[in-house]
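**Student:** Take a look at this one; I'll ask things after.
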Amino acid sequence: MAFPDSAPDRAPDRALDRVLDEGEHVVLLGHPHWRLGLRPAAVLVAVSAVAGFGAAVVRLQPWAPWAWLVLGVLAALVAVRFTLLPIARWRATLLVVTDRRFLVREGLLVRDGLDVPIDRIDAVRVRTGAGGRLFGCGTLLLDVAGERLRFTGVAGVERVQARLHREIGLLAERRRSNERESEHTARRGHADAAVRGRMEAPAPQRERASL
């Protein structure tokens with residue numbers, strides 16, 4: 001599943017919904033690129049072919065039913081280990097961009113999470129090879145506080161880069177706007193205090209001329 005151009009404000013699952021701050025909005029969400037499922041699928045095809053060939057070889061033997069049982073169990077174990085689990089992990093991995101953070105959630109029984117505040121990101125780079133350009137995916141590189149974070153198999157990686165740049169700019173603009181508003185409020189408060197001070201000060205008493 002590729003990153004869409006936009007995403008609803010609520011998270012796609014309750015676990016992620018709990019980690020969002022109040023007022024935080026999801027702008028992009030998705031799984032790693034489906035290309036990561038090609039190898040598990042190829043393993044399943046190969047295991048099926050080998051198991052079928054072995055079953056055909058021993059079909060005339062008197063112990064063929066036992067051989068078929070063994071082949072079936074071995075094929076099932078290999079398929080679970082190298083096909084089912086990788087696809088389940090791919091499905092459980094979620095990449096999220098909010099208006100404040102870049103989040104990664106992965107894991108089946110134990111969920112691992114990575115949160116990168118947008119204002120800590122110094123640079124956003126992408127790297128795509130020939131295969132990545134063909135399938136529309138690539139590697140996302142984030143420079144965060146002198147450390148480089150690397151995320152492979154990101155679908156629509158150039159759109160993710162553009163959206164991160166946009167959110168970084170919007171966050172900086174919001175902070176500048178809040179700072180200007182705070183300065184304006186402070187200056188207005190000082191001016192109001194000065195006006196109130198002048199209004200509350202007692203008027204100077206005039207000296208009465210003696211008769």
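Every chain in the structure tokens takes a letter, A first, then B, and so on in the order presented; its residues are numbered from 1, and the ligands are numbered from 1 following the presented order.
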List every residue of stretch 7-206 of chain A that DSSP, applied to the backbone, labels as alpha helix (DSSP H), and write the result as a ChimeraX atom specification.

**Tutor:** /A:14-19,38-57,64-79,85-92,130-135,157-200

**Student:** Need to verify the contact set: stretch 86-96 of chain A, 8 Å, only C-alpha atoms, exclusion of same-chain residues closer than 5 positions in sequence. Can you return it as a ChimeraX atom specification?

**Tutor:** /A:26-32,36-37,40,81,102-108

**Student:** Put those residues in a file: C-alpha atoms, as an mmCIF file, in the first residue's frame.

**Tutor:**
```
data_model
loop_
_atom_site.group_PDB
_atom_site.id
_atom_site.type_symbol
_atom_site.label_atom_id
_atom_site.label_comp_id
_atom_site.auth_asym_id
_atom_site.auth_seq_id
_atom_site.Cartn_x
_atom_site.Cartn_y
_atom_site.Cartn_z
ATOM 1 C CA VAL A 26 -2.424 12.334 10.530
ATOM 2 C CA VAL A 27 -1.535 13.593 7.055
ATOM 3 C CA LEU A 28 0.019 10.439 5.523
ATOM 4 C CA LEU A 29 -0.170 6.792 6.495
ATOM 5 C CA GLY A 30 0.570 3.458 4.879
ATOM 6 C CA HIS A 31 2.522 0.220 4.953
ATOM 7 C CA PRO A 32 5.926 -0.405 3.382
ATOM 8 C CA LEU A 36 8.697 -6.458 0.063
ATOM 9 C CA GLY A 37 6.162 -9.261 -0.276
ATOM 10 C CA PRO A 40 7.863 -14.399 0.559
ATOM 11 C CA ARG A 81 8.363 -19.195 8.560
ATOM 12 C CA PHE A 102 7.105 10.913 11.796
ATOM 13 C CA LEU A 103 6.085 7.600 13.385
ATOM 14 C CA VAL A 104 6.910 3.958 12.697
ATOM 15 C CA ARG A 105 4.975 1.117 14.340
ATOM 16 C CA GLU A 106 5.977 -2.500 13.713
ATOM 17 C CA GLY A 107 5.807 -5.936 15.310
ATOM 18 C CA LEU A 108 3.196 -8.644 15.773
#
```

**Student:** Which one is closest to A:Phe82: A:Arg59, A:Arg100, A:Arg39, A:Arg148? Count only C-alpha atoms.

**Tutor:**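 The shortest atom-to-atom distance to A:Phe82 comes from A:Arg39.
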
**Student:** List as a count of residues only the protein and nucleic acid residues near A:Val157, meaning an atom at most 7 Å away when only C-alpha atoms are counted, but skip any in the same chain fewer than 6 places from it.

**Tutor:** 5

**Student:** To one decimal place in Å, what is the distance between atom CA of A:Glu173 and atom CA of A:Val19?

**Tutor:**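 Straight-line distance from atom CA of A:Glu173 to atom CA of A:Val19 works out to 24.5 Å.
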
**Student:** Mind checking which residues fall within 12 Å of stretch 118-123 of chain A, counting only C-alpha atoms, ignoring those fewer than 3 positions away in the same chain, and posting them as number ranges by chain?

**Tutor:** A: 96-103, 115, 126, 140-149, 161-175
